[in-house]
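Engineer: Please find data-v8.txt (compact mmCIF, C-alpha atoms) on the next line:
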```txt
# COMPACT_ATOMS: atom_id res chain seq x y z
CA MET P 1431 -24.62 -23.19 95.67
CA ALA P 1432 -21.07 -22.87 97.04
CA TRP P 1433 -18.73 -25.76 97.56
CA ASN P 1434 -18.56 -25.18 101.34
CA ASP P 1435 -22.37 -25.54 101.78
CA ASN P 1436 -24.16 -28.80 102.63
CA ASN P 1437 -22.72 -29.22 106.17
CA ASN P 1438 -19.31 -27.84 105.16
CA GLN P 1439 -18.44 -30.90 103.09
CA THR P 1440 -15.34 -30.77 100.91
CA PRO P 1441 -15.71 -31.41 97.22
CA PRO P 1442 -15.64 -35.10 96.48
CA GLU P 1443 -12.87 -36.63 94.48
CA LEU P 1444 -13.41 -37.33 90.80
CA ASP P 1445 -13.49 -41.07 91.34
CA GLU P 1446 -16.13 -40.68 94.01
CA VAL P 1447 -18.19 -38.42 91.81
CA ILE P 1448 -18.07 -40.95 88.98
CA LYS P 1449 -18.89 -43.76 91.40
CA ASP P 1450 -21.78 -41.87 92.89
CA PHE P 1451 -23.07 -41.00 89.42
CA LYS P 1452 -22.90 -44.66 88.48
CA ASN P 1453 -24.77 -45.71 91.60
CA LYS P 1454 -27.37 -43.02 90.98
CA PHE P 1455 -27.81 -44.26 87.43
CA ASN P 1456 -28.15 -47.86 88.54
CA SER P 1457 -30.66 -46.99 91.22
CA THR P 1458 -32.72 -44.95 88.85
CA PHE P 1459 -32.92 -47.67 86.20
CA GLY P 1460 -33.37 -50.60 88.63
CA GLY P 1461 -29.78 -51.45 89.27
CA LYS P 1462 -28.12 -51.97 92.66
CA SER P 1463 -26.56 -49.03 94.35
CA SER P 1464 -23.34 -49.25 96.29
CA GLY P 1465 -22.18 -47.19 99.15
CA ASN P 1466 -23.99 -45.63 102.04
CA SER P 1467 -26.52 -42.79 102.15
CA GLY P 1468 -23.81 -40.15 102.79
CA ALA P 1469 -22.10 -40.96 99.55
CA SER P 1470 -25.46 -40.71 97.80
CA LYS P 1471 -26.03 -37.20 99.10
CA ALA P 1472 -22.54 -36.16 98.00
CA ALA P 1473 -23.23 -37.51 94.50
CA LYS P 1474 -26.46 -35.50 94.26
CA GLY P 1475 -24.60 -32.32 95.22
CA SER P 1476 -21.88 -32.97 92.67
CA LEU P 1477 -24.43 -33.57 89.92
CA LYS P 1478 -25.95 -30.15 90.53
CA TYR P 1479 -22.58 -28.53 90.12
CA ILE P 1480 -21.91 -30.39 86.90
CA ILE P 1481 -25.29 -29.32 85.52
CA ILE P 1482 -24.63 -25.69 86.46
CA LEU P 1483 -21.17 -25.82 84.87
CA ALA P 1484 -22.59 -27.36 81.72
CA LEU P 1485 -25.21 -24.62 81.53
CA ILE P 1486 -22.55 -21.96 81.92
CA VAL P 1487 -20.47 -23.52 79.17
CA TRP P 1488 -23.56 -23.87 76.96
CA PHE P 1489 -24.51 -20.23 77.45
CA ALA P 1490 -20.88 -19.20 76.77
CA THR P 1491 -20.97 -20.88 73.38
CA GLY P 1492 -23.56 -18.30 72.35
CA ILE P 1493 -20.97 -15.51 72.36
CA TYR P 1494 -19.60 -14.61 68.92
CA ILE P 1495 -17.67 -11.69 67.36
CA VAL P 1496 -18.37 -10.22 63.94
CA ASP P 1497 -15.41 -8.67 62.08
CA PRO P 1498 -15.77 -5.25 60.38
CA ALA P 1499 -15.90 -6.85 56.92
CA GLU P 1500 -18.48 -9.45 57.95
CA ARG P 1501 -22.20 -9.66 58.61
CA GLY P 1502 -23.72 -12.13 61.05
CA VAL P 1503 -26.95 -13.93 60.15
CA VAL P 1504 -28.82 -15.47 63.12
CA LEU P 1505 -31.18 -18.41 62.53
CA ARG P 1506 -33.66 -19.73 65.10
CA PHE P 1507 -34.68 -23.31 64.44
CA GLY P 1508 -33.50 -22.83 60.83
CA ALA P 1509 -35.51 -19.66 60.17
CA PHE P 1510 -33.97 -16.22 59.72
CA GLN P 1511 -34.08 -14.20 62.94
CA THR P 1512 -31.83 -11.16 62.58
CA SER P 1513 -28.65 -9.77 61.02
CA THR P 1514 -25.79 -8.36 63.10
CA THR P 1515 -22.89 -6.03 62.30
CA GLN P 1516 -19.35 -5.84 63.65
CA GLY P 1517 -18.64 -6.32 67.33
CA PRO P 1518 -19.36 -8.95 70.07
CA HIS P 1519 -22.85 -10.49 70.19
CA TRP P 1520 -24.71 -13.29 71.94
CA HIS P 1521 -27.34 -15.68 70.71
CA ILE P 1522 -29.14 -18.65 72.12
CA PRO P 1523 -26.71 -21.52 71.62
CA TYR P 1524 -27.24 -24.57 69.45
CA PRO P 1525 -29.66 -26.18 68.76
CA VAL P 1526 -31.98 -23.24 69.31
CA GLU P 1527 -30.08 -20.67 67.22
CA ALA P 1528 -27.17 -20.72 64.79
CA VAL P 1529 -24.99 -17.95 63.37
CA TYR P 1530 -23.47 -17.71 59.87
CA LYS P 1531 -20.78 -15.10 59.18
CA VAL P 1532 -20.54 -13.74 55.64
CA ASN P 1533 -17.69 -11.52 54.37
CA VAL P 1534 -19.39 -8.70 52.46
CA GLU P 1535 -16.21 -6.77 51.58
CA GLN P 1536 -14.24 -9.53 49.90
CA ILE P 1537 -13.91 -9.23 46.12
CA ARG P 1538 -14.58 -12.62 44.60
CA ALA P 1539 -13.85 -13.77 41.05
CA ALA P 1540 -15.56 -15.98 38.51
CA GLU P 1541 -14.05 -17.22 35.23
CA ILE P 1542 -16.16 -17.68 32.10
CA GLY P 1543 -14.54 -19.74 29.36
CA PHE P 1544 -11.35 -20.55 31.27
CA ARG P 1545 -10.13 -21.63 34.71
CA ASN P 1546 -7.30 -20.39 36.88
CA VAL P 1547 -5.58 -22.85 39.18
CA GLN P 1548 -3.29 -21.20 41.71
CA ASN P 1549 -2.98 -18.08 39.55
CA SER P 1550 -1.87 -20.09 36.52
CA TYR P 1551 -3.88 -20.40 33.36
CA SER P 1552 -5.13 -23.96 32.97
CA GLY P 1553 -6.78 -23.71 29.55
CA GLY P 1554 -10.13 -22.79 28.10
CA VAL P 1555 -13.55 -24.30 28.53
CA SER P 1556 -14.98 -24.48 25.02
CA SER P 1557 -18.52 -25.16 26.21
CA GLU P 1558 -18.53 -21.73 27.85
CA SER P 1559 -16.32 -19.69 25.52
CA LEU P 1560 -17.50 -20.63 22.01
CA MET P 1561 -20.43 -18.55 20.76
CA LEU P 1562 -22.02 -17.34 17.52
CA THR P 1563 -21.93 -13.74 16.28
CA LYS P 1564 -24.47 -11.76 14.30
CA ASP P 1565 -22.68 -12.44 10.99
CA GLU P 1566 -22.69 -16.20 11.71
CA ASN P 1567 -19.05 -16.51 12.76
CA MET P 1568 -17.71 -18.40 15.75
CA VAL P 1569 -15.65 -16.56 18.38
CA ASP P 1570 -13.87 -17.74 21.49
CA VAL P 1571 -14.57 -15.24 24.30
CA LYS P 1572 -13.17 -15.44 27.83
CA LEU P 1573 -14.43 -13.21 30.64
CA ALA P 1574 -13.23 -12.50 34.17
CA VAL P 1575 -16.01 -11.34 36.51
CA GLN P 1576 -15.38 -9.69 39.87
CA TYR P 1577 -18.21 -9.46 42.39
CA LYS P 1578 -18.99 -9.18 46.09
CA ILE P 1579 -21.85 -9.91 48.50
CA VAL P 1580 -24.06 -6.95 49.38
CA ASP P 1581 -26.94 -8.76 51.11
CA ALA P 1582 -25.94 -11.67 53.35
CA GLN P 1583 -29.50 -12.88 53.96
CA SER P 1584 -30.33 -13.03 50.23
CA TYR P 1585 -26.99 -14.66 49.48
CA LEU P 1586 -27.60 -17.44 52.02
CA PHE P 1587 -31.27 -18.23 51.55
CA ASN P 1588 -32.74 -16.94 48.27
CA VAL P 1589 -30.62 -18.95 45.81
CA TYR P 1590 -29.28 -22.46 46.31
CA ASN P 1591 -25.87 -21.78 44.72
CA PRO P 1592 -25.28 -18.04 44.09
CA GLU P 1593 -21.88 -18.53 42.43
CA LEU P 1594 -23.26 -21.04 39.95
CA THR P 1595 -26.22 -18.76 39.29
CA LEU P 1596 -23.83 -15.88 38.58
CA SER P 1597 -21.86 -18.01 36.13
CA HIS P 1598 -25.00 -19.09 34.25
CA VAL P 1599 -26.33 -15.53 34.14
CA VAL P 1600 -23.09 -14.13 32.71
CA GLN P 1601 -22.85 -16.91 30.12
CA SER P 1602 -26.41 -16.24 28.99
CA VAL P 1603 -25.86 -12.49 28.72
CA ILE P 1604 -22.51 -12.68 26.90
CA ARG P 1605 -24.03 -15.00 24.29
CA GLN P 1606 -26.87 -12.55 23.76
CA VAL P 1607 -24.53 -9.55 23.45
CA VAL P 1608 -22.15 -11.34 21.09
CA GLY P 1609 -25.08 -12.57 19.02
CA ASP P 1610 -26.24 -8.98 18.52
CA ASN P 1611 -22.87 -7.82 17.13
CA THR P 1612 -20.51 -8.74 14.31
CA MET P 1613 -17.28 -10.65 14.69
CA ASP P 1614 -15.04 -7.69 13.82
CA TYR P 1615 -16.79 -5.52 16.41
CA VAL P 1616 -16.36 -8.10 19.17
CA LEU P 1617 -12.71 -8.79 18.38
CA THR P 1618 -11.54 -5.20 17.77
CA THR P 1619 -13.26 -1.96 18.63
CA GLY P 1620 -16.19 -3.27 20.68
CA ARG P 1621 -14.38 -5.17 23.44
CA GLU P 1622 -14.92 -2.56 26.15
CA GLN P 1623 -18.49 -1.89 25.07
CA VAL P 1624 -19.32 -5.61 25.10
CA ALA P 1625 -17.90 -6.02 28.61
CA GLN P 1626 -19.91 -3.03 29.85
CA GLU P 1627 -23.14 -4.35 28.33
CA VAL P 1628 -22.54 -7.76 29.95
CA LYS P 1629 -22.02 -6.14 33.35
CA VAL P 1630 -25.22 -4.07 33.20
CA ALA P 1631 -27.45 -6.86 31.88
CA SER P 1632 -26.05 -9.48 34.27
CA GLN P 1633 -26.53 -7.22 37.28
CA ALA P 1634 -30.14 -6.63 36.29
CA LEU P 1635 -30.79 -10.39 36.23
CA LEU P 1636 -29.02 -10.95 39.55
CA ASN P 1637 -31.16 -8.26 41.13
CA GLU P 1638 -34.27 -9.86 39.68
CA TYR P 1639 -33.27 -13.22 41.18
CA ASN P 1640 -32.48 -11.45 44.48
CA THR P 1641 -29.11 -13.19 44.83
CA GLY P 1642 -27.51 -10.55 47.07
CA LEU P 1643 -24.51 -10.25 44.69
CA MET P 1644 -23.12 -7.14 43.02
CA ILE P 1645 -20.80 -7.27 40.00
CA THR P 1646 -17.94 -4.81 40.39
CA ALA P 1647 -16.09 -5.42 37.10
CA VAL P 1648 -16.25 -7.47 33.91
CA THR P 1649 -13.05 -7.84 31.90
CA MET P 1650 -12.71 -9.52 28.53
CA GLN P 1651 -9.56 -11.59 28.98
CA ASP P 1652 -9.40 -12.77 25.40
CA ALA P 1653 -11.47 -12.77 22.24
CA GLN P 1654 -10.30 -14.59 19.15
CA PRO P 1655 -11.51 -16.98 16.47
CA PRO P 1656 -11.59 -20.70 17.27
CA ILE P 1657 -8.25 -22.45 17.09
CA GLN P 1658 -9.35 -24.38 13.99
CA VAL P 1659 -9.59 -21.22 11.87
CA LYS P 1660 -7.13 -18.99 13.70
CA ALA P 1661 -4.44 -19.24 10.98
CA SER P 1662 -6.86 -18.11 8.27
CA PHE P 1663 -8.16 -15.33 10.45
CA ASP P 1664 -4.61 -14.15 11.14
CA ASP P 1665 -4.06 -13.91 7.37
CA VAL P 1666 -7.21 -11.83 7.04
CA VAL P 1667 -6.09 -9.55 9.87
CA LYS P 1668 -2.66 -9.14 8.26
CA ALA P 1669 -4.25 -8.30 4.91
CA ARG P 1670 -6.47 -5.74 6.60
CA GLU P 1671 -3.44 -4.20 8.31
CA ASP P 1672 -1.56 -4.07 4.99
CA GLU P 1673 -4.58 -2.41 3.40
CA GLN P 1674 -4.65 0.20 6.12
CA ARG P 1675 -0.90 0.73 5.78
CA TYR P 1676 -1.20 1.28 2.02
CA ILE P 1677 -4.07 3.69 2.58
CA ASN P 1678 -1.99 5.66 5.07
CA GLU P 1679 0.96 5.78 2.67
CA ALA P 1680 -1.30 6.97 -0.15
CA LYS P 1681 -2.77 9.64 2.09
CA ALA P 1682 0.71 10.77 3.10
CA TYR P 1683 1.76 10.97 -0.56
CA ALA P 1684 -1.41 12.87 -1.43
CA ASN P 1685 -0.85 15.26 1.48
CA ASP P 1686 2.61 15.95 0.06
CA ILE P 1687 1.67 16.31 -3.63
CA VAL P 1688 -1.72 18.01 -3.47
CA PRO P 1689 -0.53 21.16 -1.61
CA LYS P 1690 2.34 21.55 -4.09
CA ALA P 1691 -0.01 21.16 -7.04
CA ARG P 1692 -2.45 23.61 -5.52
CA GLY P 1693 0.37 26.09 -4.95
CA ALA P 1694 1.57 25.72 -8.53
CA SER P 1695 -1.95 26.16 -9.87
CA GLN P 1696 -2.45 29.25 -7.77
CA ARG P 1697 0.86 30.64 -9.04
CA LEU P 1698 -0.13 29.97 -12.67
CA LEU P 1699 -3.52 31.55 -12.09
CA ALA P 1700 -1.87 34.60 -10.54
CA GLU P 1701 0.58 34.89 -13.46
CA ALA P 1702 -2.26 34.52 -15.96
CA GLU P 1703 -4.28 37.18 -14.21
CA ALA P 1704 -1.27 39.49 -14.14
CA TYR P 1705 -0.63 38.89 -17.87
CA MET P 1706 -4.29 39.46 -18.62
CA SER P 1707 -4.27 42.70 -16.66
CA GLU P 1708 -1.12 43.80 -18.48
CA VAL P 1709 -2.47 43.01 -21.94
CA VAL P 1710 -5.84 44.55 -21.22
CA SER P 1711 -4.28 47.70 -19.78
CA LYS P 1712 -1.88 47.99 -22.69
CA SER P 1713 -4.69 47.43 -25.19
CA GLU P 1714 -6.84 49.98 -23.47
CA GLY P 1715 -3.94 52.46 -23.54
CA GLU P 1716 -3.27 51.83 -27.23
CA ALA P 1717 -6.95 52.21 -28.00
CA TYR P 1718 -7.11 55.46 -26.05
CA ARG P 1719 -3.98 56.74 -27.82
CA PHE P 1720 -5.40 55.79 -31.20
CA ASN P 1721 -8.61 57.63 -30.40
CA GLN P 1722 -6.62 60.72 -29.45
CA ILE P 1723 -4.60 60.55 -32.68
CA LEU P 1724 -7.76 60.01 -34.68
CA THR P 1725 -9.27 63.12 -33.15
CA GLU P 1726 -6.22 65.17 -34.09
CA TYR P 1727 -6.10 63.59 -37.54
CA THR P 1728 -9.65 64.63 -38.29
CA LYS P 1729 -8.74 68.20 -37.37
CA ALA P 1730 -5.48 68.43 -39.43
CA PRO P 1731 -4.81 65.36 -41.58
CA GLU P 1732 -1.63 66.61 -43.33
CA VAL P 1733 0.06 67.83 -40.18
CA THR P 1734 -0.86 64.73 -38.26
CA ARG P 1735 0.35 62.47 -41.06
CA GLU P 1736 3.69 64.29 -41.23
CA ARG P 1737 4.09 64.18 -37.46
CA LEU P 1738 3.35 60.43 -37.35
CA TYR P 1739 5.82 59.84 -40.13
CA ARG P 1740 8.57 61.71 -38.35
CA GLU P 1741 7.85 60.05 -35.01
CA THR P 1742 7.98 56.65 -36.67
CA LEU P 1743 11.32 57.40 -38.29
CA GLU P 1744 12.68 58.76 -35.04
CA GLU P 1745 11.63 55.59 -33.26
CA VAL P 1746 13.19 53.40 -35.94
CA PHE P 1747 16.45 55.31 -36.19
CA SER P 1748 16.88 55.52 -32.43
CA SER P 1749 17.51 51.76 -32.25
CA THR P 1750 20.07 51.52 -35.06
CA ASN P 1751 23.69 52.61 -35.55
CA LYS P 1752 23.49 53.19 -39.30
CA VAL P 1753 24.18 56.73 -40.57
CA ILE P 1754 22.64 57.92 -43.81
CA VAL P 1755 24.27 60.98 -45.46
CA ASP P 1756 22.99 62.81 -48.46
CA SER P 1757 26.07 63.35 -50.68
CA SER P 1758 24.36 66.00 -52.75
CA SER P 1759 24.14 68.32 -49.78
CA ASN P 1760 26.88 70.89 -49.19
CA SER P 1761 26.31 71.12 -45.45
CA MET P 1762 29.02 69.73 -43.23
CA MET P 1763 28.10 66.78 -40.99
CA TYR P 1764 29.87 65.84 -37.79
CA LEU P 1765 30.25 62.13 -36.97
CA PRO P 1766 30.88 61.26 -33.25
CA ILE P 1767 33.51 58.59 -33.88
CA ASP P 1768 34.27 58.00 -30.18
CA GLN P 1769 30.59 57.23 -29.35
CA LEU P 1770 30.30 54.93 -32.31
CA ILE P 1771 33.40 53.04 -31.17
CA ASN P 1772 32.10 52.69 -27.60
CA SER P 1773 28.66 51.56 -28.73
CA SER P 1774 30.19 49.00 -31.06
CA ARG P 1775 31.70 47.12 -28.08
CA THR P 1776 28.30 45.82 -26.94
CA PRO P 1777 27.00 42.63 -28.68
CA LYS P 1778 23.96 44.39 -30.02
CA SER P 1779 25.97 47.36 -31.18
CA THR P 1780 28.58 45.06 -32.66
CA SER P 1781 26.05 43.35 -34.82
CA SER P 1782 24.66 46.74 -35.84
CA SER P 1783 28.15 48.11 -36.61
CA SER P 1784 28.95 45.04 -38.65
CA SER P 1785 25.79 45.56 -40.56
CA PHE P 1786 26.75 49.16 -41.11
CA GLN P 1787 30.25 48.33 -42.31
CA GLN P 1788 29.03 45.68 -44.69
CA THR P 1789 26.48 47.93 -46.31
CA PRO P 1790 27.79 49.33 -49.63
CA SER P 1791 25.77 52.44 -49.32
CA GLY P 1792 27.33 53.04 -45.94
CA ASN P 1793 30.81 52.86 -47.38
CA SER P 1794 29.96 55.26 -50.17
CA ASN P 1795 28.39 57.64 -47.71
CA ASP P 1796 31.49 57.61 -45.52
CA GLN P 1797 33.69 58.29 -48.49
CA SER P 1798 31.43 61.14 -49.60
CA VAL P 1799 31.59 62.69 -46.16
CA LEU P 1800 35.40 62.43 -46.09
CA ARG P 1801 35.71 63.99 -49.52
CA SER P 1802 33.48 66.83 -48.51
CA ARG P 1803 35.59 67.57 -45.42
CA GLU P 1804 38.84 67.47 -47.47
CA ASN P 1805 37.48 69.95 -50.04
CA ARG P 1806 36.57 72.36 -47.30
```
If you convert what's in this file into structure tokens, what do you get?
Structural biologist:
Amino acid sequence: MAWNDNNNQTPPELDEVIKDFKNKFNSTFGGKSSGNSGASKAAKGSLKYIIILALIVWFATGIYIVDPAERGVVLRFGAFQTSTTQGPHWHIPYPVEAVYKVNVEQIRAAEIGFRNVQNSYSGGVSSESLMLTKDENMVDVKLAVQYKIVDAQSYLFNVYNPELTLSHVVQSVIRQVVGDNTMDYVLTTGREQVAQEVKVASQALLNEYNTGLMITAVTMQDAQPPIQVKASFDDVVKAREDEQRYINEAKAYANDIVPKARGASQRLLAEAEAYMSEVVSKSEGEAYRFNQILTEYTKAPEVTRERLYRETLEEVFSSTNKVIVDSSSNSMMYLPIDQLINSSRTPKSTSSSSSFQQTPSGNSNDQSVLRSRENR
């Protein structure tokens, strides 16, 4: 209905509208009305407009916009009706329907064993971090869990407090995983493996509870013995490091010595084999030569004996500088004095010459030779 309808009346003033509404209320509930019938008609017309405006405003409150990272969950009288994605939407306004927007792309974080307050470490929570290992040792483990919402409906309605459920699930799983392993494994080489096992097992439980959450990462922030025994454990760790250092030094020394010893042994083996081959070959040659001489000796013993005697003397005399002269012979003998002098300059020849000069028979032989040359 337009404002210029109803006999072309102009819109009443606000005070008149309020006054007419008051009179209408009083007349309805037994009170006295004021004003004339014309004012009453104007009040009725104004009330219609107010009701229409209120309906328009009420319907307008049903318009909502879902961001790209969000999901809209529509409830009708408290029961799930539908889920909406990004973009503008409309629903029946309150109290018939209600809309909850859930960010499904945001990465959320949960701390197990410690708390962060404004990105600053505020200390550990011993009731969450202390746990028993397989070898009956206590360890202090702190985990940081990152997760996000993948199902808005399940997140809102299936579990009363999904974040608290996630924290309890992770605590339960980490205690089970730590209880299945030794202290050294948890504190040293098994940190990444423990975190991965916690992630897989926790996600399986969250899916079973239908929480609508998905764990994206599990990081072991810290793992160490309790503070009461930390000093003793540090001494054990230092001793283990010293042991490993000594082992490495011993291995390095062995790697330096063993190849040298192996090389020396191989060289000695090679020299021994060469000496063995030399001795064997020489022995075989001597045996073959002896067999040849024996064959000749059986054929002509006297000739062979004389030849061996002469060869032996030739071999003996070839390495000495002594000269033996038979004085009873009348044949002239020539002595190469220059060669004897030259050969006497070497140490070996010198010793031989000295031996020759000191021999009395040598002197007599020289004198006999000189006398023989003078007589001729």
Engineer: For Val1532 in chain P, which residue among P:Asn1721, P:Ser1513, P:Asn1591, P:Ser1711 is the nearest when counting all atoms listed in the file?
Structural biologist: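 Among P:Asn1721, P:Ser1513, P:Asn1591, P:Ser1711, it is P:Ser1513 that comes nearest to Val1532 in chain P.
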Engineer: For CA of Arg1737 in chain P and CA of Lys1712 in chain P, quote the distance in Å rounded to one decimal.
Structural biologist: 22.7 Å
Engineer: Give me the residues near range 1518-1528 of chain P as a ChimeraX atom specification, where near means some atom within 6 Å (using only C-alpha atoms) and where sequence neighbours in that chain fewer than 2 positions away do not count.
Structural biologist: /P:1492-1495,1504-1507
Engineer: Quick one: residues within 7 Å of Val1569 in chain P, all atoms listed in the file, excluding same-chain residues fewer than 2 positions away - as JSON, numbers by chain?
Structural biologist: {"P": [1560, 1561, 1562, 1567, 1571, 1653, 1654, 1655, 1656]}
Engineer: Those same residues - C-alpha atoms - I'd like them written as a PDB file, in the frame of the given file.
Structural biologist:
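Dumped everything to out_38.pdb:
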```
ATOM      1  CA  LEU P1560     -17.500 -20.630  22.010  1.00  0.00           C
ATOM      2  CA  MET P1561     -20.430 -18.550  20.760  1.00  0.00           C
ATOM      3  CA  LEU P1562     -22.020 -17.340  17.520  1.00  0.00           C
ATOM      4  CA  ASN P1567     -19.050 -16.510  12.760  1.00  0.00           C
ATOM      5  CA  VAL P1571     -14.570 -15.240  24.300  1.00  0.00           C
ATOM      6  CA  ALA P1653     -11.470 -12.770  22.240  1.00  0.00           C
ATOM      7  CA  GLN P1654     -10.300 -14.590  19.150  1.00  0.00           C
ATOM      8  CA  PRO P1655     -11.510 -16.980  16.470  1.00  0.00           C
ATOM      9  CA  PRO P1656     -11.590 -20.700  17.270  1.00  0.00           C
TER      10      PRO P1656
END
```
Engineer: Could range 1669-1683 of chain P be completed with N, CA and C atoms and written as a CSV table (one decimal), in the frame of the given file, please?
Structural biologist:
```csv
chain,number,residue,atom,x,y,z
P,1669,ALA,N,-3.9,-9.0,6.1
P,1669,ALA,CA,-4.2,-8.3,4.9
P,1669,ALA,C,-5.0,-7.0,5.2
P,1670,ARG,N,-5.8,-7.0,6.2
P,1670,ARG,CA,-6.5,-5.7,6.6
P,1670,ARG,C,-5.5,-4.7,7.1
P,1671,GLU,N,-4.5,-5.1,7.8
P,1671,GLU,CA,-3.4,-4.2,8.3
P,1671,GLU,C,-2.6,-3.7,7.1
P,1672,ASP,N,-2.3,-4.5,6.2
P,1672,ASP,CA,-1.6,-4.1,5.0
P,1672,ASP,C,-2.4,-3.1,4.2
P,1673,GLU,N,-3.7,-3.4,4.1
P,1673,GLU,CA,-4.6,-2.4,3.4
P,1673,GLU,C,-4.6,-1.1,4.1
P,1674,GLN,N,-4.7,-1.1,5.4
P,1674,GLN,CA,-4.6,0.2,6.1
P,1674,GLN,C,-3.3,0.9,6.0
P,1675,ARG,N,-2.2,0.1,5.9
P,1675,ARG,CA,-0.9,0.7,5.8
P,1675,ARG,C,-0.8,1.4,4.4
P,1676,TYR,N,-1.2,0.7,3.4
P,1676,TYR,CA,-1.2,1.3,2.0
P,1676,TYR,C,-2.1,2.5,1.9
P,1677,ILE,N,-3.2,2.5,2.6
P,1677,ILE,CA,-4.1,3.7,2.6
P,1677,ILE,C,-3.4,4.9,3.3
P,1678,ASN,N,-2.7,4.6,4.4
P,1678,ASN,CA,-2.0,5.7,5.1
P,1678,ASN,C,-0.8,6.2,4.2
P,1679,GLU,N,-0.1,5.3,3.5
P,1679,GLU,CA,1.0,5.8,2.7
P,1679,GLU,C,0.4,6.6,1.5
P,1680,ALA,N,-0.7,6.2,0.9
P,1680,ALA,CA,-1.3,7.0,-0.2
P,1680,ALA,C,-1.8,8.3,0.3
P,1681,LYS,N,-2.3,8.4,1.5
P,1681,LYS,CA,-2.8,9.6,2.1
P,1681,LYS,C,-1.6,10.6,2.4
P,1682,ALA,N,-0.5,10.0,2.9
P,1682,ALA,CA,0.7,10.8,3.1
P,1682,ALA,C,1.3,11.3,1.8
P,1683,TYR,N,1.3,10.5,0.7
P,1683,TYR,CA,1.8,11.0,-0.6
P,1683,TYR,C,0.8,12.1,-1.1
```
